[in-house]
Amino acid sequence: MTVWDDLVGQDRVQEQLGAAARDADALVTAQSEGRPVPPGSKMTHAWLFTGPPGSGRSTAARAFAAALQCTSPDRALGGAPGCGFCDGCHTALIGTHADVDVIRTDLLSIGVKETRELVRRAQLSPAVGRWQVIVMEDADRLTEGAGNVLLKAVEEPAPRTVWLLCAPSLEDVLPTIRSRCRHLILRTPPVAAVADVLIRRDGIDPERAASAARATQGHIGRARRLATDERARARRAAVLKLPLRVHDVGGCLKAAQELIDTATDDAKQVAEEVDVKETDDLKAALGGVAGGRMPRGTAGAMKELEDRQKRRRTRTQRDSLDLALSELTGFYRDVLALQLGSRIALANTDVQDALDRVAESSTPERTLRRIEAVIACRRALDRNVAPLLAVEAMTVALRAG
């Protein structure tokens, strides 16, 4: 098993990263032995991974980080870095390597304060590994100020520091940053490849794996969750019933409220799992006694934690809503395919009856307008429109067609 095994359907990207990892290994080896650096190296100090959700951007970045830290003795015999078994590869993949920082956020944005601390750490030399690697999984969530802080570090990196930035598209990253990065584009993995990795890596039943991969159209993370989480399957089934429930205004408003309630429940579930432990840990660290008053001077820290938890619940709710809207888009995409007689594979064959009913009772033009209504709802949520108002406007538009 190599570090690239979880990178599904990205042969071209894997080839490019493998070549860069070999050149990076040769560069470090030459420097340690006092030899001249080999010319024409494909290694660079900053990379930008882009691709649609579920394409495996962070997986590719993590795999590359592991390959850069590979210490396999086979390298001296011509073996490629990224064996997957050595201490460097293993610790980088599981997130415990001292010189691999993986930055992700469960909030709406990454601010200046966090970015400055990250830039400070990036100036350090590798402690035990061959490179200091910074993996930023949500580079698209950098605020403008944070992006400007990061720009200086990407322009003038430490000699053995590598930045691996991940974002959905080039437009989601500041032009000044993306112009200083080597760009890799990942594609949506084939459905069959996603099903295969669910079977091989997660031990999922082949029929369920194929169904989940088809329903999520190649989104690896969502496919895994759909195949393993009964609650996720129930939520998806409820979302796909919505097109049949918008026959009148009352049905539209009720469906919208239920969609919001489901997203809110998801946020509460995450809060129950994380918030209580975070609060208890902080109280203990600040010297609080169970059931007693907190020491003086700790109110600010507790308020900061509460604000962070509130922002996390907001993002969780929005992510849940966005997933539901993606599934609705997929539903109407299948309807349009049926109406136009397309031969493309349908994603939602488990609700074939509902697809047929909607396809027969409307026209392709109405279906396109409904898809546009879902997209408009997603844009409204991005502009911080109140979720219930945005979803109600969408369901009424779905009724009108």
# chains A, B, ... in the order shown; residues from 1 in each chain; ligands from 1

call {"tool": "select_by_dssp", "arguments": {"residues": "segment 76-294 of chain A", "states": "strand (DSSP E or B)", "output": "JSON, numbers by chain"}}
result
{"A": [100, 101, 102, 103, 110, 132, 133, 134, 135, 136, 142, 161, 162, 163, 164, 165, 166, 167, 182, 183, 184, 185]}

call {"tool": "residues_around", "arguments": {"residues": "Gln14 of chain A", "least_positions_apart": "4", "cutoff": "9 Å", "atoms": "only C-alpha atoms", "output": "ChimeraX atom specification"}}
result
/A:4,7,10,18-19,60,64

call {"tool": "closest_residue", "arguments": {"among": "A:Ala299, A:Ile371, A:Ala210, A:Leu389", "to": "Phe331 of chain A", "atoms": "only C-alpha atoms"}}
result
A:Ile371

call {"tool": "residues_around", "arguments": {"residues": "Thr2 of chain A", "least_positions_apart": "6", "cutoff": "10 Å", "atoms": "only C-alpha atoms", "output": "list of chain:residue names"}}
result
A:Ala63, A:Ala66, A:Ala67, A:Ala80, A:Pro81, A:Gly82, A:Cys83, A:Gly84, A:Phe85, A:Cys89

call {"tool": "closest_atom_pairs", "arguments": {"of": "segment 220-319 of chain A", "to": "segment 375-387 of chain A", "cutoff": "12 Å", "atoms": "only C-alpha atoms", "output": "tab-separated table"}}
result
residue	atom	partner	partner_atom	distance
A:Ala256	CA	A:Pro387	CA	9.4
A:Gln257	CA	A:Pro387	CA	9.7
A:Glu258	CA	A:Pro387	CA	11.9
A:Leu259	CA	A:Pro387	CA	9.8
A:Ile260	CA	A:Pro387	CA	7.2
A:Asp261	CA	A:Pro387	CA	10.6
A:Ala263	CA	A:Pro387	CA	10.0
A:Thr264	CA	A:Pro387	CA	10.5
A:Thr314	CA	A:Pro387	CA	10.4
A:Arg315	CA	A:Asp382	CA	10.9
A:Gln317	CA	A:Pro387	CA	9.2
A:Arg318	CA	A:Leu381	CA	7.6
A:Asp319	CA	A:Leu381	CA	10.3

call {"tool": "residues_around", "arguments": {"residues": "Val133 of chain A", "least_positions_apart": "2", "cutoff": "9 Å", "atoms": "only C-alpha atoms", "output": "PyMOL selection string"}}
result
chain A and resi 65+68-69+99-102+122+126+131+135+160-164

call {"tool": "residues_around", "arguments": {"residues": "Gly401 of chain A", "least_positions_apart": "3", "cutoff": "8 Å", "atoms": "only C-alpha atoms", "output": "PDB file with N, CA and C atoms, in the first residue's frame"}}
result
ATOM      1  N   ARG A 366     -39.324  23.885 -17.561  1.00  0.00           N
ATOM      2  CA  ARG A 366     -39.669  24.031 -16.145  1.00  0.00           C
ATOM      3  C   ARG A 366     -38.608  23.388 -15.260  1.00  0.00           C
ATOM      4  N   THR A 367     -38.062  22.271 -15.701  1.00  0.00           N
ATOM      5  CA  THR A 367     -37.019  21.603 -14.917  1.00  0.00           C
ATOM      6  C   THR A 367     -35.771  22.483 -14.818  1.00  0.00           C
ATOM      7  N   ARG A 369     -35.728  25.737 -14.952  1.00  0.00           N
ATOM      8  CA  ARG A 369     -36.026  26.831 -14.032  1.00  0.00           C
ATOM      9  C   ARG A 369     -35.943  26.367 -12.579  1.00  0.00           C
ATOM     10  N   ARG A 370     -36.331  25.129 -12.323  1.00  0.00           N
ATOM     11  CA  ARG A 370     -36.238  24.593 -10.968  1.00  0.00           C
ATOM     12  C   ARG A 370     -34.783  24.421 -10.540  1.00  0.00           C
ATOM     13  N   ALA A 397     -40.576  28.659  -5.723  1.00  0.00           N
ATOM     14  CA  ALA A 397     -40.140  28.672  -7.126  1.00  0.00           C
ATOM     15  C   ALA A 397     -40.205  27.265  -7.727  1.00  0.00           C
ATOM     16  N   LEU A 398     -39.918  26.242  -6.922  1.00  0.00           N
ATOM     17  CA  LEU A 398     -40.024  24.863  -7.417  1.00  0.00           C
ATOM     18  C   LEU A 398     -41.472  24.546  -7.776  1.00  0.00           C
TER      19      LEU A 398
END

call {"tool": "closest_residue", "arguments": {"among": "A:Leu198, A:Met394, A:Leu325, A:Ala153", "to": "Cys181 of chain A", "atoms": "only C-alpha atoms"}}
result
A:Ala153

call {"tool": "atom_distance", "arguments": {"atom1": "atom CA of Pro73 of chain A", "atom2": "atom CA of Ser58 of chain A"}}
result
26.9 Å

call {"tool": "select_by_dssp", "arguments": {"residues": "segment 141-371 of chain A", "states": "helix (DSSP H, G or I)", "output": "NGL selection string"}}
result
:A and (141 or 144-155 or 170-172 or 175-178 or 191-202 or 206-215 or 220-228 or 230-240 or 242-244 or 249-285 or 299-340 or 349-360 or 364-371)

call {"tool": "closest_residue", "arguments": {"among": "A:Lys152, A:Ala20, A:Arg225, A:Ala146", "to": "Asp202 of chain A", "atoms": "only C-alpha atoms"}}
result
A:Arg225

call {"tool": "closest_residue", "arguments": {"among": "A:Thr316, A:Asn348, A:Thr96, A:Thr279", "to": "Ala267 of chain A", "atoms": "only C-alpha atoms"}}
result
A:Thr316
